[in-house]
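Novice: Take this structure first; my questions come after.
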Amino acid sequence: MIKNKKKCTTKTVKQLKVSPKIIKLGKKLLNKKASKEQSPQIEESEEDTPSWLEDDKRKLSQSLCKSLKSKSPSFLDSEMFAGENLVKLEGGGGLDAQLRRASSAWKLPLCHTHTTKPSMDRKVRAPCILVLTGSALRALEIIRELPSFNNSCRIHKLFSKHIKVEEQSAALNCHLCIAVGTPNRVQKLVDLEALELSSVKVVFLDTKPDAKQREMLTINEIRDDFWSLFNLHLRLNIQNKTTKLCLF
């Protein structure tokens, strides 16, 4: 009886035939799986990363390394330049139009009228936007490029040329939205408690080259002043995701 059962089972297996539809479906599934395995996942992630973001991260990393005289930034420093901490001005129409669009998109709490009286919801001496550049002349040029903001928000000049620290300290005793200046003078005012950076939402870094094709992040003295200001007064804000960097 057992032998007959074995013969019957063997015969049944040999007689089994696979449907052509099942074979065709199996080939499709195998081809689909193979195409997924061969697709370059790294290239897809690189395509999703904007080119401006890679350029800005590279500029910041190179500038920091030169300031620290290091070959590469530390892991913590690299995390500072992650995509969520960097933003970009977009569109045409000049700096004024770009900043107006950005202030609306980023919901920046900019004021629309001059005032020297303190209010309950805003601090004095605490700008919402800080623009850093390499010289007083370039700072004045940037202010001229922002006529609508200078008329409504009163842009404060924070550089040393022809302006004493005491005069700037007195002028900052009000509600200010935008401040434009050099890293050295900004840090001096912060150290004197004449300027507060805890409310800064965006720090704009000027990358326009001068006549010698140098930028704020590449000129030795100014570069070191910026990273000193960054480490002492901006790093914690960026770590806490309350302040972003924007190279323009």
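Naming works like this for the structure tokens: A, B, ... for the chains as they're shown, residue 1 at the start of each chain, ligands 1 onward in shown order.
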May I have the residues within 6 Å of range 194-203 of chain A as a ChimeraX atom specification, using only C-alpha atoms and disregarding those fewer than 6 positions away in the same chain?
Specialist: /A:125-131,169,243-245
Novice: Just the selected residues (N, CA, C and O atoms), exported as a short mmCIF file (atom, residue, chain, number, x, y, z; two decimals), in the first residue's frame, please.
Specialist:
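Saved file part.cif follows:
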```cif
data_model
loop_
_atom_site.label_atom_id
_atom_site.label_comp_id
_atom_site.auth_asym_id
_atom_site.auth_seq_id
_atom_site.Cartn_x
_atom_site.Cartn_y
_atom_site.Cartn_z
N ARG A 125 16.27 97.21 22.06
CA ARG A 125 17.64 96.79 21.74
C ARG A 125 17.71 95.39 21.13
O ARG A 125 18.76 94.76 21.11
N ALA A 126 16.59 94.87 20.64
CA ALA A 126 16.55 93.48 20.17
C ALA A 126 16.01 93.41 18.74
O ALA A 126 14.79 93.35 18.54
N PRO A 127 16.88 93.43 17.74
CA PRO A 127 16.41 93.36 16.35
C PRO A 127 15.88 91.99 15.99
O PRO A 127 16.25 90.97 16.59
N CYS A 128 15.01 91.98 15.00
CA CYS A 128 14.49 90.72 14.45
C CYS A 128 15.41 90.20 13.35
O CYS A 128 15.58 89.00 13.19
N ILE A 129 16.00 91.12 12.59
CA ILE A 129 16.92 90.78 11.50
C ILE A 129 18.26 91.43 11.75
O ILE A 129 18.33 92.63 12.05
N LEU A 130 19.33 90.66 11.60
CA LEU A 130 20.69 91.17 11.73
C LEU A 130 21.42 90.91 10.42
O LEU A 130 21.50 89.76 9.97
N VAL A 131 21.93 91.97 9.82
CA VAL A 131 22.68 91.85 8.56
C VAL A 131 24.14 92.15 8.86
O VAL A 131 24.47 93.22 9.38
N SER A 169 24.76 103.12 21.30
CA SER A 169 24.08 102.56 22.46
C SER A 169 22.81 103.35 22.79
O SER A 169 21.75 102.78 23.09
N THR A 243 17.14 80.82 15.49
CA THR A 243 17.79 81.73 14.54
C THR A 243 18.29 80.93 13.34
O THR A 243 18.80 79.82 13.50
N LYS A 244 18.13 81.52 12.15
CA LYS A 244 18.61 80.89 10.93
C LYS A 244 19.65 81.78 10.26
O LYS A 244 19.71 82.98 10.50
N LEU A 245 20.47 81.17 9.40
CA LEU A 245 21.47 81.89 8.63
C LEU A 245 21.03 82.00 7.17
O LEU A 245 20.45 81.07 6.63
#
```
Novice: Neighbours of range 141-145 of chain A within 7 Å (only C-alpha atoms; same-chain residues fewer than 2 positions away dropped), as a list in words?
Specialist: Leu95, Asp96, Leu137, Arg138, Ala139 and Pro147 of chain A
Novice: Which polymer residues have any atom within 9 Å of an atom of Ala136 in chain A, counting only C-alpha atoms, with same-chain residues fewer than 2 positions away left out, as a PDB file with C-alpha atoms, in the first residue's frame?
Specialist:
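File out-v4.pdb, as written:
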```
ATOM      1  CA  THR A 133      28.896  92.716   6.240  1.00  0.00           C
ATOM      2  CA  GLY A 134      32.578  93.483   5.971  1.00  0.00           C
ATOM      3  CA  ARG A 138      29.041  98.070   2.184  1.00  0.00           C
ATOM      4  CA  ALA A 139      26.636  98.415   5.134  1.00  0.00           C
ATOM      5  CA  LEU A 140      25.445 101.791   3.797  1.00  0.00           C
ATOM      6  CA  GLU A 141      25.055 100.257   0.348  1.00  0.00           C
ATOM      7  CA  LYS A 157      23.726 101.263  11.518  1.00  0.00           C
ATOM      8  CA  LEU A 158      26.150  99.198  13.576  1.00  0.00           C
ATOM      9  CA  PHE A 159      29.645 100.003  12.384  1.00  0.00           C
ATOM     10  CA  SER A 160      32.519 102.067  13.722  1.00  0.00           C
ATOM     11  CA  LYS A 161      33.080 104.617  10.955  1.00  0.00           C
ATOM     12  CA  GLY A 181      26.724  96.312  10.688  1.00  0.00           C
ATOM     13  CA  THR A 182      30.140  94.723  10.957  1.00  0.00           C
TER      14      THR A 182
END
```
Novice: Find the distance between CA of Cys174 in chain A and CA of Val124 in chain A and write it in Å to one decimal.
Specialist: 4.8 Å
Novice: Run DSSP on the backbone and give me the residues of range 40-239 of chain A it puts in strand (DSSP E), as a PyMOL selection string.
Specialist: chain A and resi 86-87+129-132+156-158+178-181+202-205
